[in-house]
>>> print(open('protein_15.pdb').read())   # PDB, C-alpha atoms
MODEL        1
ATOM      1  CA  MET A   6     181.857 166.624-130.982
ATOM      2  CA  LYS A   7     178.741 164.485-130.727
ATOM      3  CA  ALA A   8     175.224 165.806-130.374
ATOM      4  CA  VAL A   9     171.645 164.525-130.260
ATOM      5  CA  THR A  10     169.968 165.867-133.402
ATOM      6  CA  ARG A  11     166.782 165.897-135.475
ATOM      7  CA  ASN A  12     165.690 168.024-138.421
ATOM      8  CA  SER A  13     161.933 168.092-137.838
ATOM      9  CA  TYR A  14     159.379 167.627-135.086
ATOM     10  CA  CYS A  15     159.348 163.897-134.474
ATOM     11  CA  THR A  16     158.996 160.968-132.103
ATOM     12  CA  PRO A  17     162.065 159.631-130.250
ATOM     13  CA  GLU A  18     162.755 157.278-133.153
ATOM     14  CA  GLY A  19     163.630 160.335-135.250
ATOM     15  CA  LEU A  20     166.618 161.257-133.085
ATOM     16  CA  SER A  21     170.178 160.668-134.255
ATOM     17  CA  ILE A  22     173.642 161.011-132.750
ATOM     18  CA  CYS A  23     175.766 163.086-135.124
ATOM     19  CA  GLU A  24     179.239 164.578-135.294
ATOM     20  CA  ILE A  25     179.139 168.369-135.555
ATOM     21  CA  GLU A  26     181.675 171.168-135.139
ATOM     22  CA  ILE A  27     182.414 172.593-131.703
ATOM     23  CA  PRO A  28     180.965 176.126-131.800
ATOM     24  CA  VAL A  29     183.074 179.230-131.104
ATOM     25  CA  PRO A  30     181.638 181.785-128.646
ATOM     26  CA  LYS A  31     181.043 185.352-129.803
ATOM     27  CA  GLU A  32     181.457 188.451-127.623
ATOM     28  CA  HIS A  33     178.467 187.788-125.347
ATOM     29  CA  GLU A  34     178.466 183.997-125.499
ATOM     30  CA  ILE A  35     179.644 181.156-123.281
ATOM     31  CA  LEU A  36     180.936 177.803-124.528
ATOM     32  CA  ILE A  37     179.882 175.078-122.105
ATOM     33  CA  ARG A  38     181.215 171.520-121.955
ATOM     34  CA  VAL A  39     178.173 169.534-120.890
ATOM     35  CA  HIS A  40     178.520 166.740-118.357
ATOM     36  CA  ALA A  41     174.839 166.041-117.686
ATOM     37  CA  THR A  42     171.398 167.114-118.818
ATOM     38  CA  THR A  43     167.921 165.664-118.411
ATOM     39  CA  VAL A  44     165.151 164.428-120.639
ATOM     40  CA  ASN A  45     161.977 165.957-119.245
ATOM     41  CA  ARG A  46     158.392 166.811-120.166
ATOM     42  CA  THR A  47     159.488 170.136-121.641
ATOM     43  CA  ASP A  48     162.044 168.368-123.846
ATOM     44  CA  CYS A  49     159.361 165.959-125.055
ATOM     45  CA  ALA A  50     157.083 168.864-125.989
ATOM     46  CA  ILE A  51     159.913 170.527-127.909
ATOM     47  CA  LEU A  52     160.797 167.243-129.628
ATOM     48  CA  THR A  53     157.265 166.615-130.879
ATOM     49  CA  GLY A  54     156.098 170.216-131.218
ATOM     50  CA  LYS A  55     153.048 169.353-129.106
ATOM     51  CA  PRO A  56     151.107 171.039-127.654
ATOM     52  CA  TYR A  57     151.242 173.238-130.734
ATOM     53  CA  ILE A  58     151.569 176.387-128.642
ATOM     54  CA  MET A  59     155.222 175.331-128.134
ATOM     55  CA  ARG A  60     155.900 176.067-131.800
ATOM     56  CA  LEU A  61     155.354 179.774-131.229
ATOM     57  CA  PHE A  62     158.665 179.674-129.378
ATOM     58  CA  THR A  63     160.544 176.769-130.959
ATOM     59  CA  GLY A  64     159.619 177.184-134.661
ATOM     60  CA  LEU A  65     156.267 177.011-136.425
ATOM     61  CA  PHE A  66     157.073 174.392-139.066
ATOM     62  CA  LYS A  67     160.434 172.975-137.993
ATOM     63  CA  PRO A  68     162.651 173.317-134.906
ATOM     64  CA  LYS A  69     164.859 176.404-134.824
ATOM     65  CA  SER A  70     167.635 174.254-133.361
ATOM     66  CA  PRO A  71     168.435 170.732-134.571
ATOM     67  CA  VAL A  72     169.842 169.890-131.117
ATOM     68  CA  PRO A  73     167.301 169.500-128.290
ATOM     69  CA  GLY A  74     167.908 170.101-124.601
ATOM     70  CA  THR A  75     166.600 172.588-122.057
ATOM     71  CA  ASP A  76     168.908 172.204-119.060
ATOM     72  CA  PHE A  77     172.549 171.461-118.356
ATOM     73  CA  ALA A  78     175.273 170.989-115.792
ATOM     74  CA  GLY A  79     178.846 171.309-116.917
ATOM     75  CA  VAL A  80     181.997 173.412-117.116
ATOM     76  CA  VAL A  81     182.634 176.756-118.789
ATOM     77  CA  ASP A  82     185.143 175.970-121.541
ATOM     78  CA  ALA A  83     185.541 179.449-123.050
ATOM     79  CA  VAL A  84     183.836 182.842-122.982
ATOM     80  CA  GLY A  85     183.485 185.801-125.329
ATOM     81  CA  LYS A  86     185.452 188.942-124.488
ATOM     82  CA  GLU A  87     182.359 190.766-123.127
ATOM     83  CA  VAL A  88     181.262 187.971-120.762
ATOM     84  CA  SER A  89     181.627 188.713-117.052
ATOM     85  CA  VAL A  90     179.023 186.457-115.370
ATOM     86  CA  VAL A  91     181.249 183.352-115.434
ATOM     87  CA  LYS A  92     184.818 182.415-116.326
ATOM     88  CA  PRO A  93     186.509 179.346-117.865
ATOM     89  CA  GLY A  94     186.655 176.470-115.417
ATOM     90  CA  ASP A  95     183.495 177.414-113.516
ATOM     91  CA  GLN A  96     181.145 174.508-112.790
ATOM     92  CA  VAL A  97     177.741 175.764-113.883
ATOM     93  CA  TRP A  98     174.102 174.799-114.363
ATOM     94  CA  GLY A  99     171.195 176.441-116.161
ATOM     95  CA  PHE A 100     167.870 176.069-117.917
ATOM     96  CA  ASP A 101     165.677 177.654-120.566
ATOM     97  CA  ASP A 102     162.259 176.174-121.284
ATOM     98  CA  ILE A 103     162.234 177.133-124.965
ATOM     99  CA  GLY A 104     165.378 175.060-125.562
ATOM    100  CA  ILE A 105     169.114 175.779-125.599
ATOM    101  CA  GLY A 106     170.561 172.818-127.519
ATOM    102  CA  SER A 107     172.280 171.335-124.477
ATOM    103  CA  GLN A 108     172.080 167.660-125.462
ATOM    104  CA  ALA A 109     175.540 167.803-126.960
ATOM    105  CA  HIS A 110     179.136 167.610-125.801
ATOM    106  CA  TYR A 111     179.378 171.389-126.169
ATOM    107  CA  PHE A 112     176.913 174.200-126.760
ATOM    108  CA  ILE A 113     176.810 177.990-126.838
ATOM    109  CA  LEU A 114     174.803 179.930-124.261
ATOM    110  CA  PRO A 115     174.211 183.712-124.540
ATOM    111  CA  ASP A 116     175.384 185.404-121.351
ATOM    112  CA  LYS A 117     171.883 186.799-120.727
ATOM    113  CA  LYS A 118     170.431 183.299-120.386
ATOM    114  CA  PRO A 119     169.983 181.763-116.901
ATOM    115  CA  ILE A 120     173.277 180.340-115.616
ATOM    116  CA  SER A 121     174.689 179.932-112.123
ATOM    117  CA  ILE A 122     177.442 178.181-110.181
ATOM    118  CA  ILE A 123     176.478 174.625-109.179
ATOM    119  CA  PRO A 124     175.607 174.286-105.461
ATOM    120  CA  LYS A 125     178.515 173.077-103.333
ATOM    121  CA  GLY A 126     178.647 169.325-102.909
ATOM    122  CA  PHE A 127     176.364 168.633-105.861
ATOM    123  CA  SER A 128     177.442 166.344-108.695
ATOM    124  CA  TYR A 129     176.722 167.280-112.307
ATOM    125  CA  GLU A 130     173.959 164.672-112.398
ATOM    126  CA  GLU A 131     172.333 166.048-109.238
ATOM    127  CA  ALA A 132     172.542 169.612-110.528
ATOM    128  CA  ALA A 133     170.955 168.718-113.866
ATOM    129  CA  ALA A 134     168.144 166.930-112.024
ATOM    130  CA  SER A 135     167.442 170.026-109.906
ATOM    131  CA  ILE A 136     166.343 172.526-112.530
ATOM    132  CA  GLU A 137     163.382 171.858-114.843
ATOM    133  CA  GLY A 138     160.959 170.167-112.458
ATOM    134  CA  THR A 139     162.025 172.338-109.542
ATOM    135  CA  HIS A 140     161.500 175.535-111.563
ATOM    136  CA  TYR A 141     157.914 174.545-112.291
ATOM    137  CA  ALA A 142     157.360 173.418-108.701
ATOM    138  CA  TYR A 143     158.599 176.754-107.383
ATOM    139  CA  ASN A 144     156.212 178.522-109.727
ATOM    140  CA  PHE A 145     153.369 176.659-108.011
ATOM    141  CA  ILE A 146     154.215 177.837-104.514
ATOM    142  CA  ASN A 147     155.170 181.404-105.443
ATOM    143  CA  LYS A 148     151.624 181.949-106.746
ATOM    144  CA  VAL A 149     150.099 181.461-103.293
ATOM    145  CA  LYS A 150     150.692 182.665 -99.736
ATOM    146  CA  LEU A 151     151.777 179.568 -97.881
ATOM    147  CA  LYS A 152     151.484 179.509 -94.106
ATOM    148  CA  ALA A 153     152.721 176.980 -91.603
ATOM    149  CA  GLY A 154     149.972 174.553 -90.683
ATOM    150  CA  GLN A 155     148.064 174.840 -93.950
ATOM    151  CA  ARG A 156     147.095 171.660 -95.775
ATOM    152  CA  ALA A 157     148.083 170.747 -99.331
ATOM    153  CA  LEU A 158     147.540 167.737-101.562
ATOM    154  CA  VAL A 159     150.119 166.967-104.247
ATOM    155  CA  ASN A 160     148.836 164.776-107.067
ATOM    156  CA  GLY A 161     151.706 162.990-108.803
ATOM    157  CA  ALA A 162     154.255 163.326-106.026
ATOM    158  CA  SER A 163     156.784 160.945-107.557
ATOM    159  CA  GLY A 164     157.455 163.049-110.654
ATOM    160  CA  ALA A 165     160.116 165.738-110.987
ATOM    161  CA  ILE A 166     157.632 168.527-110.188
ATOM    162  CA  GLY A 167     155.703 166.622-107.529
ATOM    163  CA  SER A 168     158.738 165.378-105.597
ATOM    164  CA  ALA A 169     160.115 168.915-105.522
ATOM    165  CA  LEU A 170     156.734 170.285-104.408
ATOM    166  CA  VAL A 171     156.558 167.901-101.459
ATOM    167  CA  GLN A 172     159.985 169.040-100.265
ATOM    168  CA  PHE A 173     159.249 172.739-100.824
ATOM    169  CA  LEU A 174     155.974 172.522 -98.908
ATOM    170  CA  LYS A 175     157.550 170.682 -95.992
ATOM    171  CA  SER A 176     160.284 173.341 -95.840
ATOM    172  CA  ARG A 177     157.401 175.785 -95.162
ATOM    173  CA  ASN A 178     155.867 173.507 -92.483
ATOM    174  CA  VAL A 179     152.776 172.742 -94.556
ATOM    175  CA  TYR A 180     150.852 169.486 -93.999
ATOM    176  CA  VAL A 181     151.250 167.416 -97.174
ATOM    177  CA  ALA A 182     149.135 164.579 -98.519
ATOM    178  CA  ALA A 183     150.630 163.079-101.673
ATOM    179  CA  THR A 184     149.528 160.614-104.337
ATOM    180  CA  CYS A 185     151.811 158.152-106.087
ATOM    181  CA  ASN A 186     151.802 154.545-107.270
ATOM    182  CA  THR A 187     152.408 151.547-105.031
ATOM    183  CA  LYS A 188     156.154 151.179-105.631
ATOM    184  CA  ASN A 189     156.870 154.767-104.569
ATOM    185  CA  LEU A 190     154.881 154.940-101.317
ATOM    186  CA  ASP A 191     157.927 154.624 -99.048
ATOM    187  CA  LEU A 192     159.970 156.933-101.255
ATOM    188  CA  ILE A 193     157.439 159.758-100.931
ATOM    189  CA  ARG A 194     157.100 159.185 -97.204
ATOM    190  CA  GLY A 195     160.858 159.597 -97.068
ATOM    191  CA  LEU A 196     160.523 163.052 -98.625
ATOM    192  CA  GLY A 197     158.422 164.092 -95.641
ATOM    193  CA  ALA A 198     154.834 163.645 -96.842
ATOM    194  CA  ASP A 199     152.459 163.397 -93.888
ATOM    195  CA  LYS A 200     150.041 161.128 -95.753
ATOM    196  CA  VAL A 201     150.660 159.069 -98.886
ATOM    197  CA  ILE A 202     147.807 157.840-101.084
ATOM    198  CA  ASP A 203     148.227 154.963-103.545
ATOM    199  CA  TYR A 204     146.287 156.224-106.554
ATOM    200  CA  THR A 205     146.185 152.699-108.021
ATOM    201  CA  ALA A 206     144.101 151.539-105.067
ATOM    202  CA  GLU A 207     142.205 154.648-103.969
ATOM    203  CA  ASP A 208     140.464 157.592-105.659
ATOM    204  CA  PHE A 209     141.999 160.535-103.817
ATOM    205  CA  THR A 210     139.219 162.866-104.998
ATOM    206  CA  ARG A 211     136.711 160.931-102.840
ATOM    207  CA  SER A 212     138.645 160.994 -99.594
ATOM    208  CA  GLY A 213     136.327 163.535 -97.977
ATOM    209  CA  GLU A 214     139.301 165.489 -96.615
ATOM    210  CA  LYS A 215     139.770 169.217 -97.115
ATOM    211  CA  TYR A 216     142.852 171.088 -98.249
ATOM    212  CA  ASP A 217     143.862 174.712 -98.689
ATOM    213  CA  TYR A 218     145.617 173.741-101.911
ATOM    214  CA  VAL A 219     145.450 170.968-104.474
ATOM    215  CA  PHE A 220     148.601 170.942-106.603
ATOM    216  CA  ASP A 221     148.192 168.665-109.634
ATOM    217  CA  ALA A 222     151.831 168.120-110.555
ATOM    218  CA  VAL A 223     151.027 165.739-113.419
ATOM    219  CA  GLY A 224     147.940 167.464-114.822
ATOM    220  CA  LYS A 225     145.921 164.257-114.800
ATOM    221  CA  SER A 226     142.976 165.546-112.819
ATOM    222  CA  THR A 227     140.753 168.627-113.128
ATOM    223  CA  PHE A 228     139.383 171.447-111.004
ATOM    224  CA  SER A 229     135.880 169.964-111.177
ATOM    225  CA  LYS A 230     137.095 166.589-109.858
ATOM    226  CA  CYS A 231     139.184 168.173-107.105
ATOM    227  CA  LYS A 232     136.783 170.935-106.088
ATOM    228  CA  ALA A 233     135.233 168.854-103.308
ATOM    229  CA  LEU A 234     138.692 168.520-101.716
ATOM    230  CA  LEU A 235     139.182 172.251-101.400
ATOM    231  CA  SER A 236     138.352 174.353 -98.380
ATOM    232  CA  PRO A 237     135.891 177.242 -99.003
ATOM    233  CA  LYS A 238     138.760 179.512-100.132
ATOM    234  CA  GLY A 239     140.932 176.717-101.493
ATOM    235  CA  ILE A 240     143.112 176.960-104.600
ATOM    236  CA  TYR A 241     143.683 174.453-107.423
ATOM    237  CA  ILE A 242     146.838 174.616-109.560
ATOM    238  CA  SER A 243     147.745 172.230-112.388
ATOM    239  CA  SER A 244     150.946 171.743-114.367
ATOM    240  CA  GLU A 245     148.968 171.216-117.588
ATOM    241  CA  LEU A 246     146.493 173.234-119.642
ATOM    242  CA  GLY A 247     143.702 170.747-118.923
ATOM    243  CA  PRO A 248     140.964 169.496-121.275
ATOM    244  CA  GLY A 249     140.286 172.150-123.881
ATOM    245  CA  GLY A 250     142.841 174.425-122.255
ATOM    246  CA  GLN A 251     140.443 175.099-119.384
ATOM    247  CA  ASN A 252     143.184 175.888-116.870
ATOM    248  CA  MET A 253     144.066 178.960-118.929
ATOM    249  CA  PHE A 254     140.506 180.308-118.667
ATOM    250  CA  LEU A 255     139.315 179.214-115.227
ATOM    251  CA  PRO A 256     141.692 181.641-113.441
ATOM    252  CA  PHE A 257     139.696 184.486-115.015
ATOM    253  CA  LEU A 258     136.290 182.959-114.193
ATOM    254  CA  THR A 259     136.598 181.410-110.735
ATOM    255  CA  PRO A 260     137.394 184.661-108.843
ATOM    256  CA  PHE A 261     133.953 185.979-109.839
ATOM    257  CA  LEU A 262     132.220 182.847-108.538
ATOM    258  CA  GLY A 263     133.485 183.325-105.001
ATOM    259  CA  GLY A 264     135.204 180.732-102.850
ATOM    260  CA  ARG A 265     137.429 178.148-104.513
ATOM    261  CA  LYS A 266     139.513 179.240-107.473
ATOM    262  CA  VAL A 267     142.042 178.164-110.073
ATOM    263  CA  ILE A 268     145.473 179.704-110.594
ATOM    264  CA  PHE A 269     147.647 178.900-113.592
ATOM    265  CA  PRO A 270     151.342 178.718-112.655
ATOM    266  CA  PHE A 271     152.879 180.665-115.539
ATOM    267  CA  PRO A 272     156.569 179.799-115.130
ATOM    268  CA  SER A 273     158.793 182.846-115.036
ATOM    269  CA  ASN A 274     162.061 184.170-113.618
ATOM    270  CA  ILE A 275     164.275 181.107-113.937
ATOM    271  CA  PRO A 276     167.212 182.787-112.111
ATOM    272  CA  ARG A 277     164.972 183.354-109.079
ATOM    273  CA  SER A 278     163.940 179.689-109.140
ATOM    274  CA  MET A 279     167.578 178.585-109.302
ATOM    275  CA  GLU A 280     168.543 180.792-106.366
ATOM    276  CA  PHE A 281     165.647 179.358-104.362
ATOM    277  CA  ILE A 282     166.746 175.793-105.141
ATOM    278  CA  LYS A 283     170.388 176.560-104.412
ATOM    279  CA  LYS A 284     169.462 177.935-100.986
ATOM    280  CA  LEU A 285     167.403 174.847-100.091
ATOM    281  CA  VAL A 286     170.188 172.559-101.296
ATOM    282  CA  GLU A 287     172.748 174.350 -99.149
ATOM    283  CA  GLU A 288     170.367 174.126 -96.150
ATOM    284  CA  GLY A 289     169.935 170.392 -96.717
ATOM    285  CA  LYS A 290     166.213 170.784 -97.431
ATOM    286  CA  PHE A 291     166.129 169.519-101.013
ATOM    287  CA  LYS A 292     167.394 166.444-102.817
ATOM    288  CA  PRO A 293     166.435 165.602-106.413
ATOM    289  CA  LEU A 294     165.023 162.215-107.347
ATOM    290  CA  THR A 295     166.571 160.424-110.319
ATOM    291  CA  ASP A 296     164.938 157.368-111.839
ATOM    292  CA  ARG A 297     167.420 156.391-114.528
ATOM    293  CA  THR A 298     170.645 157.583-116.110
ATOM    294  CA  TYR A 299     171.360 157.054-119.812
ATOM    295  CA  PRO A 300     174.443 157.717-121.931
ATOM    296  CA  MET A 301     173.877 160.293-124.659
ATOM    297  CA  GLU A 302     173.931 157.536-127.283
ATOM    298  CA  GLN A 303     170.689 156.176-125.771
ATOM    299  CA  ALA A 304     168.818 159.480-125.935
ATOM    300  CA  ALA A 305     165.974 157.950-127.960
ATOM    301  CA  GLU A 306     165.409 155.314-125.261
ATOM    302  CA  ALA A 307     165.439 158.037-122.604
ATOM    303  CA  TYR A 308     162.780 160.062-124.447
ATOM    304  CA  THR A 309     160.640 156.964-124.959
ATOM    305  CA  PHE A 310     160.767 156.177-121.247
ATOM    306  CA  VAL A 311     159.863 159.746-120.248
ATOM    307  CA  GLN A 312     156.947 159.754-122.692
ATOM    308  CA  SER A 313     155.659 156.539-121.089
ATOM    309  CA  GLY A 314     154.712 158.562-118.020
ATOM    310  CA  GLN A 315     156.292 155.981-115.720
ATOM    311  CA  LYS A 316     159.384 157.808-114.532
ATOM    312  CA  THR A 317     160.063 158.599-110.897
ATOM    313  CA  GLY A 318     161.669 162.009-110.522
ATOM    314  CA  ASN A 319     164.169 162.715-113.289
ATOM    315  CA  VAL A 320     165.840 160.979-116.207
ATOM    316  CA  VAL A 321     169.442 162.090-116.690
ATOM    317  CA  LEU A 322     171.583 161.995-119.841
ATOM    318  CA  VAL A 323     175.320 161.677-119.153
ATOM    319  CA  MET A 324     177.313 163.168-121.995
ATOM    320  CA  ASN A 325     180.662 161.380-121.416
ATOM    321  CA  VAL A 326     182.585 164.190-123.084
ATOM    322  CA  GLU A 327     186.377 163.775-123.098
TER     323      GLU A 327
ENDMDL
END
>>> encode(input="protein_15.pdb", output="structure tokens")
Amino acid sequence: MKAVTRNSYCTPEGLSICEIEIPVPKEHEILIRVHATTVNRTDCAILTGKPYIMRLFTGLFKPKSPVPGTDFAGVVDAVGKEVSVVKPGDQVWGFDDIGIGSQAHYFILPDKKPISIIPKGFSYEEAAASIEGTHYAYNFINKVKLKAGQRALVNGASGAIGSALVQFLKSRNVYVAATCNTKNLDLIRGLGADKVIDYTAEDFTRSGEKYDYVFDAVGKSTFSKCKALLSPKGIYISSELGPGGQNMFLPFLTPFLGGRKVIFPFPSNIPRSMEFIKKLVEEGKFKPLTDRTYPMEQAAEAYTFVQSGQKTGNVVLVMNVE
């Protein structure tokens, strides 16, 4: 079988497509034939080993797995004799943000890792594009008590996290203002945003409007810049650590200052996120955005494009396994 591989932390140019043996599942393992996966921000962090905190989970000096990949959509090819969660032939999807080696024709997944049946009517490409960004988006909204009629601003609404956030918030009847670049204004309006701000033409932090929540889905702003946008009890959440890792510390400090505060969206409980997404999909309340689709052989180009910060929604790798 073919797989995307590298032997050390590297840039996309260090990736290779290699022939390796198809693995054999042990008692509690599942062999999955991959049809689609994505290249996402988590994958880029695992590829480069940056931020360095990633290496606590992926290997201090070199990657634990030569094959990258954090999510997948495919078919169960074989299972170990103790596996009961799925059976051969099941169409499945899953995700693990420390990496599972899914950018290959086949890979082994322990049966305790997150895995579920693909939502009805979803293609493999759609399923793969509905995991990583949506998991992080869900871990924004499950940290707060959303109420119908509240106001939220989503910074970076055209990314995988931001586009999911807009749809999740609208499913809760929250007023949504969203920032994106000029080419995506109509696209984000189509997701249901009540107001769309072109960040290339307007500084959203100086709008003078007030929001119950500011969700920075790209991590390109800060609490100090967005504080004026928040209502007296407003909450700021960012997808990144922030300059000097401040978003890890501000959640401990801001509650003592009264009023506006910062919450860090520690992502947890992937199965719960997947069930949430599956429910919205089946209710017709969520649709993933995909910017580009690449064959596995062009994985390096896919990583380079994602690292450029210019993608809209998701970038999908199609494995073309026979």
>>> resolve_selection(input="protein_15.pdb", expression="the PyMOL selection byres ((chain A and resi 321) around 12)", output="JSON, numbers by chain")
{"A": [40, 41, 42, 43, 44, 45, 74, 76, 77, 78, 108, 129, 130, 131, 132, 133, 134, 135, 136, 137, 165, 293, 294, 295, 296, 297, 298, 299, 300, 301, 303, 304, 306, 307, 308, 310, 311, 316, 317, 318, 319, 320, 322, 323, 324]}
>>> atom_distance(input="protein_15.pdb", atom1="CA of Pro124 (chain A)", atom2="CA of Ile282 (chain A)")
9.0 Å
>>> atom_distance(input="protein_15.pdb", atom1="CA of Phe254 (chain A)", atom2="CA of Ala142 (chain A)")
20.8 Å
>>> closest_residue(input="protein_15.pdb", among="A:Pro56, A:Glu280, A:Ile113, A:Ala182", to="Gly249 (chain A)", atoms="all atoms listed in the file")
A:Pro56
>>> resolve_selection(input="protein_15.pdb", expression="the PyMOL selection byres ((chain A and resi 19) around 12)", output="ChimeraX atom specification")
/A:9-18,20-22,52-53,71,304-306,308-309
>>> write_last_selection(input="protein_15.pdb", atoms="C-alpha atoms", output="PDB file, in the coordinates of the input")
ATOM      1  CA  VAL A   9     171.645 164.525-130.260  1.00  0.00           C
ATOM      2  CA  THR A  10     169.968 165.867-133.402  1.00  0.00           C
ATOM      3  CA  ARG A  11     166.782 165.897-135.475  1.00  0.00           C
ATOM      4  CA  ASN A  12     165.690 168.024-138.421  1.00  0.00           C
ATOM      5  CA  SER A  13     161.933 168.092-137.838  1.00  0.00           C
ATOM      6  CA  TYR A  14     159.379 167.627-135.086  1.00  0.00           C
ATOM      7  CA  CYS A  15     159.348 163.897-134.474  1.00  0.00           C
ATOM      8  CA  THR A  16     158.996 160.968-132.103  1.00  0.00           C
ATOM      9  CA  PRO A  17     162.065 159.631-130.250  1.00  0.00           C
ATOM     10  CA  GLU A  18     162.755 157.278-133.153  1.00  0.00           C
ATOM     11  CA  LEU A  20     166.618 161.257-133.085  1.00  0.00           C
ATOM     12  CA  SER A  21     170.178 160.668-134.255  1.00  0.00           C
ATOM     13  CA  ILE A  22     173.642 161.011-132.750  1.00  0.00           C
ATOM     14  CA  LEU A  52     160.797 167.243-129.628  1.00  0.00           C
ATOM     15  CA  THR A  53     157.265 166.615-130.879  1.00  0.00           C
ATOM     16  CA  PRO A  71     168.435 170.732-134.571  1.00  0.00           C
ATOM     17  CA  ALA A 304     168.818 159.480-125.935  1.00  0.00           C
ATOM     18  CA  ALA A 305     165.974 157.950-127.960  1.00  0.00           C
ATOM     19  CA  GLU A 306     165.409 155.314-125.261  1.00  0.00           C
ATOM     20  CA  TYR A 308     162.780 160.062-124.447  1.00  0.00           C
ATOM     21  CA  THR A 309     160.640 156.964-124.959  1.00  0.00           C
TER      22      THR A 309
END
>>> atom_distance(input="protein_15.pdb", atom1="CA of Gly247 (chain A)", atom2="CA of Arg277 (chain A)")
26.6 Å
>>> closest_residue(input="protein_15.pdb", among="A:Phe271, A:Tyr218, A:Phe66, A:Tyr204", to="Arg156 (chain A)", atoms="all atoms listed in the file")
A:Tyr218
>>> resolve_selection(input="protein_15.pdb", expression="the PyMOL selection byres ((chain A and resi 245) around 10)", output="list in words")
Asp221, Ala222, Val223, Gly224, Lys225, Ser226, Thr227, Ile242, Ser243, Ser244, Leu246, Gly247, Pro248, Gly250, Gln251, Asn252, Met253, Phe269 and Pro270 of chain A
>>> residues_around(input="protein_15.pdb", residues="Lys284 (chain A)", least_positions_apart="4", cutoff="12 Å", atoms="only C-alpha atoms", output="ChimeraX atom specification")
/A:123-125,173,176,277-280,288-292
>>> closest_residue(input="protein_15.pdb", among="A:Gln172, A:Tyr143, A:Pro119, A:Thr210", to="Arg194 (chain A)", atoms="all atoms listed in the file")
A:Gln172
>>> closest_residue(input="protein_15.pdb", among="A:Phe62, A:Phe100, A:Phe145, A:Phe257", to="Ala50 (chain A)", atoms="all atoms listed in the file")
A:Phe62
>>> closest_residue(input="protein_15.pdb", among="A:Arg265, A:Gly138, A:Lys69, A:Lys92", to="Gly104 (chain A)", atoms="all atoms listed in the file")
A:Lys69
>>> closest_residue(input="protein_15.pdb", among="A:Lys31, A:Lys67, A:Lys200, A:Arg38", to="Trp98 (chain A)", atoms="only C-alpha atoms")
A:Arg38
>>> axis_aligned_box(input="protein_15.pdb", around="region 224-234 of chain A", padding_each_side="4 Å", output="JSON")
{"center_x": 141.6, "center_y": 167.9, "center_z": -108.3, "size_x": 20.7, "size_y": 15.2, "size_z": 21.1}
